[in-house]
Amino acid sequence: MITLYDFSPSGNSYRARLFLNLLGLEYENSPIDLRQGQHKDAEFLKLNPLGQVPTLVDDGEVIRDSCAILIYLSDKYDSSGNWSGKTAEEKAHIQEWLSTAAREMMYGPARARAIKLFGRPFDLQEAQSLAHQLFTDVMEPHLHQNQWLAASRPTIADIASYAYVTVSDEGEVYLDNYPNIQRWLKDVEALPGFVPMVRASS
């Protein structure tokens with residue numbers, strides 16, 4: 001049995017939750033309320049010494065990073081290679097976007113959202129500027145030429161990137177000037193098994 005320890009407003013947790021649903025995998029959801037400090041409880045720290053969500057446990061195997069969880073699930077449960085890449089080129093491009101999801105995406109739209117929703121002590125204007133730089137210089141022109149981020153079909157690159165883009169408005173980063181990004185979001189949302197991100201207003 002797969003167990004996912006997550007916090008529903010977390011975009012990182014959502015990446016794992018979304019992909020589990022897209023793969024049609026049964027799993028037990030174990031909520032960890034970051035606002036109540038449950039991620040610092042001794043029992044959870046035994047699983048993830050960093051005290052972070054998501055953390056996935058599958059038959060005793062513990063995976064403690066959202067992008068690592070996507071790689072693990074795609075390699076273990078999708079023998080077709082569709083999600084993780086079939087060629088050296090696809091795998092490299094997927095890794096490019098996973099790295100972007102872990103860096104530019106986190107410092108831009110994810111951080112802006114964390115400031116607005118959770119009062120994180122960062123520079124909102126800087127985070128919003130980084131988000132627009134990522135969208136303007138990288139994602140929008142790429143998606144003008146390509147339907148998906150890393151291959152001719154959806155991959156874990158799209159799953160990793162979707163989470164914080166779809167709720168970027170919660171960090172007051174709006175997508176009005178990015179029609180290709182908006183189209184891509186709708187394409188992800190049309191995938192069989194899609195489940196939406198939990199929004200702050202819900």
# chains A, B, ... in the order shown; residues from 1 in each chain; ligands from 1
$ residues_around --residues "Leu143 in chain A" --least-positions-apart "3" --cutoff "10 Å" --atoms "only C-alpha atoms" --output "PyMOL selection string"
chain A and resi 138-140+146-149+178-184
$ residues_around --residues "range 160-163 of chain A" --least-positions-apart "2" --cutoff "8 Å" --atoms "only C-alpha atoms" --output "ChimeraX atom specification"
/A:11-12,14-15,66-67,70,97-98,101,105,156-158,165-167,185,188,197
$ write_last_selection --atoms "C-alpha atoms" --output "mmCIF file, in the first residue's frame"
data_model
loop_
_atom_site.group_PDB
_atom_site.id
_atom_site.type_symbol
_atom_site.label_atom_id
_atom_site.label_comp_id
_atom_site.auth_asym_id
_atom_site.auth_seq_id
_atom_site.Cartn_x
_atom_site.Cartn_y
_atom_site.Cartn_z
ATOM 1 C CA GLY A 11 1.833 22.654 -4.435
ATOM 2 C CA ASN A 12 4.616 20.151 -3.853
ATOM 3 C CA TYR A 14 -0.283 18.344 -5.023
ATOM 4 C CA ARG A 15 2.280 17.195 -7.586
ATOM 5 C CA SER A 66 8.062 15.870 -4.784
ATOM 6 C CA CYS A 67 10.105 15.560 -7.988
ATOM 7 C CA LEU A 70 7.276 11.711 -9.630
ATOM 8 C CA TRP A 97 11.939 21.095 -16.353
ATOM 9 C CA LEU A 98 12.173 19.227 -13.052
ATOM 10 C CA ALA A 101 10.296 23.331 -11.035
ATOM 11 C CA MET A 105 9.270 27.867 -10.064
ATOM 12 C CA ILE A 156 6.208 14.317 -15.290
ATOM 13 C CA ALA A 157 7.724 17.636 -16.399
ATOM 14 C CA ASP A 158 4.194 18.931 -16.939
ATOM 15 C CA VAL A 165 1.386 27.843 -12.286
ATOM 16 C CA THR A 166 -2.303 27.032 -11.910
ATOM 17 C CA VAL A 167 -2.523 28.935 -8.601
ATOM 18 C CA LEU A 185 -3.110 24.412 -18.182
ATOM 19 C CA VAL A 188 -3.304 19.202 -18.284
ATOM 20 C CA MET A 197 -5.373 21.850 -6.873
#
$ residues_around --residues "range 126-134 of chain A" --least-positions-apart "3" --cutoff "8 Å" --atoms "only C-alpha atoms" --output "VMD selection string"
chain A and resid 104 to 105 107 to 109 111 to 112 122 to 123 137 to 139 171 to 173
$ write_last_selection --atoms "N, CA and C atoms" --output "tab-separated table (two decimals), in the first residue's frame"
chain	number	residue	atom	x	y	z
A	104	GLU	N	13.50	27.89	-10.28
A	104	GLU	CA	12.80	29.10	-10.73
A	104	GLU	C	11.32	29.10	-10.35
A	105	MET	N	10.68	27.94	-10.42
A	105	MET	CA	9.27	27.87	-10.06
A	105	MET	C	9.07	28.14	-8.57
A	107	TYR	N	11.21	29.85	-6.53
A	107	TYR	CA	11.59	31.22	-6.16
A	107	TYR	C	10.65	32.27	-6.75
A	108	GLY	N	9.88	31.88	-7.77
A	108	GLY	CA	8.96	32.80	-8.41
A	108	GLY	C	7.53	32.62	-7.93
A	109	PRO	N	6.69	31.93	-8.71
A	109	PRO	CA	5.27	31.84	-8.36
A	109	PRO	C	4.99	31.16	-7.03
A	111	ARG	N	6.89	31.09	-4.31
A	111	ARG	CA	7.25	31.98	-3.21
A	111	ARG	C	6.27	33.14	-3.10
A	112	ALA	N	5.84	33.70	-4.23
A	112	ALA	CA	4.87	34.77	-4.19
A	112	ALA	C	3.58	34.31	-3.51
A	122	PHE	N	9.55	36.93	2.71
A	122	PHE	CA	10.36	37.14	1.52
A	122	PHE	C	9.90	38.41	0.81
A	123	ASP	N	10.59	38.76	-0.24
A	123	ASP	CA	10.28	39.97	-1.01
A	123	ASP	C	9.24	39.63	-2.07
A	137	ASP	N	10.01	34.63	-20.50
A	137	ASP	CA	11.23	34.26	-21.24
A	137	ASP	C	11.32	32.78	-21.56
A	138	VAL	N	10.64	31.95	-20.77
A	138	VAL	CA	10.83	30.50	-20.91
A	138	VAL	C	9.53	29.78	-21.30
A	139	MET	N	8.54	29.84	-20.44
A	139	MET	CA	7.38	28.97	-20.64
A	139	MET	C	6.49	29.40	-21.81
A	171	GLY	N	-0.64	34.34	-5.66
A	171	GLY	CA	0.52	35.18	-5.35
A	171	GLY	C	0.48	36.48	-6.12
A	172	GLU	N	-0.70	36.79	-6.67
A	172	GLU	CA	-0.92	38.00	-7.49
A	172	GLU	C	0.01	38.02	-8.70
A	173	VAL	N	0.23	36.84	-9.26
A	173	VAL	CA	0.92	36.69	-10.55
A	173	VAL	C	-0.12	36.18	-11.52
$ select_by_dssp --residues "range 2-193 of chain A" --states "helix (DSSP H, G or I)" --output "VMD selection string"
chain A and resid 11 to 22 34 to 36 38 to 40 42 to 47 66 to 77 88 to 102 104 to 118 124 to 145 156 to 166 168 to 171 179 to 189
$ decode --residues "range 80-121 of chain A" --atoms "N, CA and C atoms" --output "PDB file, in the first residue's frame"
ATOM      1  N   SER A  80       5.531   1.859 -19.765  1.00  0.00           N
ATOM      2  CA  SER A  80       5.604   2.376 -21.137  1.00  0.00           C
ATOM      3  C   SER A  80       6.687   3.431 -21.305  1.00  0.00           C
ATOM      4  N   GLY A  81       7.079   4.075 -20.212  1.00  0.00           N
ATOM      5  CA  GLY A  81       8.044   5.162 -20.312  1.00  0.00           C
ATOM      6  C   GLY A  81       7.450   6.470 -20.786  1.00  0.00           C
ATOM      7  N   ASN A  82       6.133   6.497 -20.981  1.00  0.00           N
ATOM      8  CA  ASN A  82       5.496   7.718 -21.477  1.00  0.00           C
ATOM      9  C   ASN A  82       5.715   8.904 -20.541  1.00  0.00           C
ATOM     10  N   TRP A  83       5.630   8.654 -19.244  1.00  0.00           N
ATOM     11  CA  TRP A  83       5.712   9.757 -18.294  1.00  0.00           C
ATOM     12  C   TRP A  83       7.148  10.161 -17.984  1.00  0.00           C
ATOM     13  N   SER A  84       8.069   9.209 -17.990  1.00  0.00           N
ATOM     14  CA  SER A  84       9.445   9.502 -17.549  1.00  0.00           C
ATOM     15  C   SER A  84      10.419   9.712 -18.692  1.00  0.00           C
ATOM     16  N   GLY A  85       9.972   9.488 -19.932  1.00  0.00           N
ATOM     17  CA  GLY A  85      10.846   9.696 -21.084  1.00  0.00           C
ATOM     18  C   GLY A  85      11.318   8.391 -21.697  1.00  0.00           C
ATOM     19  N   LYS A  86      11.269   8.337 -23.027  1.00  0.00           N
ATOM     20  CA  LYS A  86      11.640   7.115 -23.738  1.00  0.00           C
ATOM     21  C   LYS A  86      13.034   7.194 -24.360  1.00  0.00           C
ATOM     22  N   THR A  87      13.514   8.387 -24.595  1.00  0.00           N
ATOM     23  CA  THR A  87      14.816   8.563 -25.246  1.00  0.00           C
ATOM     24  C   THR A  87      15.718   9.414 -24.359  1.00  0.00           C
ATOM     25  N   ALA A  88      16.981   9.431 -24.689  1.00  0.00           N
ATOM     26  CA  ALA A  88      17.924  10.265 -23.945  1.00  0.00           C
ATOM     27  C   ALA A  88      17.518  11.727 -24.018  1.00  0.00           C
ATOM     28  N   GLU A  89      17.034  12.135 -25.182  1.00  0.00           N
ATOM     29  CA  GLU A  89      16.624  13.531 -25.356  1.00  0.00           C
ATOM     30  C   GLU A  89      15.424  13.870 -24.473  1.00  0.00           C
ATOM     31  N   GLU A  90      14.422  12.988 -24.480  1.00  0.00           N
ATOM     32  CA  GLU A  90      13.251  13.239 -23.652  1.00  0.00           C
ATOM     33  C   GLU A  90      13.614  13.272 -22.176  1.00  0.00           C
ATOM     34  N   LYS A  91      14.426  12.331 -21.742  1.00  0.00           N
ATOM     35  CA  LYS A  91      14.819  12.286 -20.327  1.00  0.00           C
ATOM     36  C   LYS A  91      15.570  13.553 -19.928  1.00  0.00           C
ATOM     37  N   ALA A  92      16.432  14.039 -20.819  1.00  0.00           N
ATOM     38  CA  ALA A  92      17.185  15.255 -20.518  1.00  0.00           C
ATOM     39  C   ALA A  92      16.260  16.459 -20.417  1.00  0.00           C
ATOM     40  N   HIS A  93      15.304  16.562 -21.345  1.00  0.00           N
ATOM     41  CA  HIS A  93      14.381  17.699 -21.307  1.00  0.00           C
ATOM     42  C   HIS A  93      13.455  17.627 -20.095  1.00  0.00           C
ATOM     43  N   ILE A  94      13.063  16.428 -19.719  1.00  0.00           N
ATOM     44  CA  ILE A  94      12.273  16.268 -18.498  1.00  0.00           C
ATOM     45  C   ILE A  94      13.066  16.756 -17.299  1.00  0.00           C
ATOM     46  N   GLN A  95      14.342  16.364 -17.232  1.00  0.00           N
ATOM     47  CA  GLN A  95      15.166  16.791 -16.106  1.00  0.00           C
ATOM     48  C   GLN A  95      15.349  18.308 -16.086  1.00  0.00           C
ATOM     49  N   GLU A  96      15.459  18.918 -17.253  1.00  0.00           N
ATOM     50  CA  GLU A  96      15.529  20.382 -17.319  1.00  0.00           C
ATOM     51  C   GLU A  96      14.337  21.014 -16.613  1.00  0.00           C
ATOM     52  N   TRP A  97      13.146  20.509 -16.928  1.00  0.00           N
ATOM     53  CA  TRP A  97      11.939  21.095 -16.353  1.00  0.00           C
ATOM     54  C   TRP A  97      11.769  20.740 -14.886  1.00  0.00           C
ATOM     55  N   LEU A  98      12.215  19.555 -14.475  1.00  0.00           N
ATOM     56  CA  LEU A  98      12.173  19.227 -13.052  1.00  0.00           C
ATOM     57  C   LEU A  98      13.085  20.163 -12.265  1.00  0.00           C
ATOM     58  N   SER A  99      14.240  20.478 -12.839  1.00  0.00           N
ATOM     59  CA  SER A  99      15.144  21.420 -12.193  1.00  0.00           C
ATOM     60  C   SER A  99      14.526  22.815 -12.140  1.00  0.00           C
ATOM     61  N   THR A 100      13.871  23.202 -13.216  1.00  0.00           N
ATOM     62  CA  THR A 100      13.181  24.495 -13.233  1.00  0.00           C
ATOM     63  C   THR A 100      12.076  24.523 -12.178  1.00  0.00           C
ATOM     64  N   ALA A 101      11.359  23.413 -12.035  1.00  0.00           N
ATOM     65  CA  ALA A 101      10.296  23.331 -11.035  1.00  0.00           C
ATOM     66  C   ALA A 101      10.847  23.457  -9.622  1.00  0.00           C
ATOM     67  N   ALA A 102      12.062  22.976  -9.419  1.00  0.00           N
ATOM     68  CA  ALA A 102      12.674  23.010  -8.086  1.00  0.00           C
ATOM     69  C   ALA A 102      13.377  24.324  -7.796  1.00  0.00           C
ATOM     70  N   ARG A 103      13.659  25.111  -8.829  1.00  0.00           N
ATOM     71  CA  ARG A 103      14.387  26.364  -8.624  1.00  0.00           C
ATOM     72  C   ARG A 103      13.525  27.566  -8.999  1.00  0.00           C
ATOM     73  N   GLU A 104      13.500  27.894 -10.282  1.00  0.00           N
ATOM     74  CA  GLU A 104      12.797  29.105 -10.734  1.00  0.00           C
ATOM     75  C   GLU A 104      11.321  29.104 -10.348  1.00  0.00           C
ATOM     76  N   MET A 105      10.681  27.940 -10.425  1.00  0.00           N
ATOM     77  CA  MET A 105       9.270  27.867 -10.064  1.00  0.00           C
ATOM     78  C   MET A 105       9.072  28.135  -8.568  1.00  0.00           C
ATOM     79  N   MET A 106       9.999  27.638  -7.756  1.00  0.00           N
ATOM     80  CA  MET A 106       9.873  27.824  -6.316  1.00  0.00           C
ATOM     81  C   MET A 106      10.203  29.249  -5.899  1.00  0.00           C
ATOM     82  N   TYR A 107      11.207  29.855  -6.528  1.00  0.00           N
ATOM     83  CA  TYR A 107      11.594  31.220  -6.164  1.00  0.00           C
ATOM     84  C   TYR A 107      10.650  32.268  -6.749  1.00  0.00           C
ATOM     85  N   GLY A 108       9.885  31.878  -7.769  1.00  0.00           N
ATOM     86  CA  GLY A 108       8.960  32.803  -8.409  1.00  0.00           C
ATOM     87  C   GLY A 108       7.532  32.624  -7.933  1.00  0.00           C
ATOM     88  N   PRO A 109       6.693  31.931  -8.714  1.00  0.00           N
ATOM     89  CA  PRO A 109       5.271  31.843  -8.364  1.00  0.00           C
ATOM     90  C   PRO A 109       4.988  31.164  -7.033  1.00  0.00           C
ATOM     91  N   ALA A 110       5.752  30.129  -6.686  1.00  0.00           N
ATOM     92  CA  ALA A 110       5.497  29.440  -5.414  1.00  0.00           C
ATOM     93  C   ALA A 110       5.795  30.352  -4.230  1.00  0.00           C
ATOM     94  N   ARG A 111       6.895  31.088  -4.308  1.00  0.00           N
ATOM     95  CA  ARG A 111       7.253  31.981  -3.208  1.00  0.00           C
ATOM     96  C   ARG A 111       6.267  33.139  -3.096  1.00  0.00           C
ATOM     97  N   ALA A 112       5.843  33.695  -4.233  1.00  0.00           N
ATOM     98  CA  ALA A 112       4.866  34.775  -4.192  1.00  0.00           C
ATOM     99  C   ALA A 112       3.583  34.306  -3.507  1.00  0.00           C
ATOM    100  N   ARG A 113       3.153  33.101  -3.830  1.00  0.00           N
ATOM    101  CA  ARG A 113       1.952  32.541  -3.207  1.00  0.00           C
ATOM    102  C   ARG A 113       2.158  32.338  -1.707  1.00  0.00           C
ATOM    103  N   ALA A 114       3.336  31.833  -1.323  1.00  0.00           N
ATOM    104  CA  ALA A 114       3.620  31.592   0.095  1.00  0.00           C
ATOM    105  C   ALA A 114       3.627  32.897   0.889  1.00  0.00           C
ATOM    106  N   ILE A 115       4.097  33.964   0.277  1.00  0.00           N
ATOM    107  CA  ILE A 115       4.100  35.273   0.942  1.00  0.00           C
ATOM    108  C   ILE A 115       2.671  35.757   1.173  1.00  0.00           C
ATOM    109  N   LYS A 116       1.840  35.667   0.131  1.00  0.00           N
ATOM    110  CA  LYS A 116       0.473  36.183   0.219  1.00  0.00           C
ATOM    111  C   LYS A 116      -0.413  35.320   1.126  1.00  0.00           C
ATOM    112  N   LEU A 117      -0.251  34.004   1.048  1.00  0.00           N
ATOM    113  CA  LEU A 117      -1.148  33.121   1.797  1.00  0.00           C
ATOM    114  C   LEU A 117      -0.664  32.832   3.210  1.00  0.00           C
ATOM    115  N   PHE A 118       0.634  32.695   3.361  1.00  0.00           N
ATOM    116  CA  PHE A 118       1.172  32.206   4.635  1.00  0.00           C
ATOM    117  C   PHE A 118       2.092  33.206   5.329  1.00  0.00           C
ATOM    118  N   GLY A 119       2.225  34.396   4.741  1.00  0.00           N
ATOM    119  CA  GLY A 119       3.023  35.431   5.381  1.00  0.00           C
ATOM    120  C   GLY A 119       4.502  35.131   5.459  1.00  0.00           C
ATOM    121  N   ARG A 120       5.004  34.358   4.515  1.00  0.00           N
ATOM    122  CA  ARG A 120       6.435  34.051   4.524  1.00  0.00           C
ATOM    123  C   ARG A 120       7.261  35.331   4.362  1.00  0.00           C
ATOM    124  N   PRO A 121       8.400  35.433   5.056  1.00  0.00           N
ATOM    125  CA  PRO A 121       9.168  36.685   5.091  1.00  0.00           C
ATOM    126  C   PRO A 121      10.112  36.851   3.908  1.00  0.00           C
TER     127      PRO A 121
END
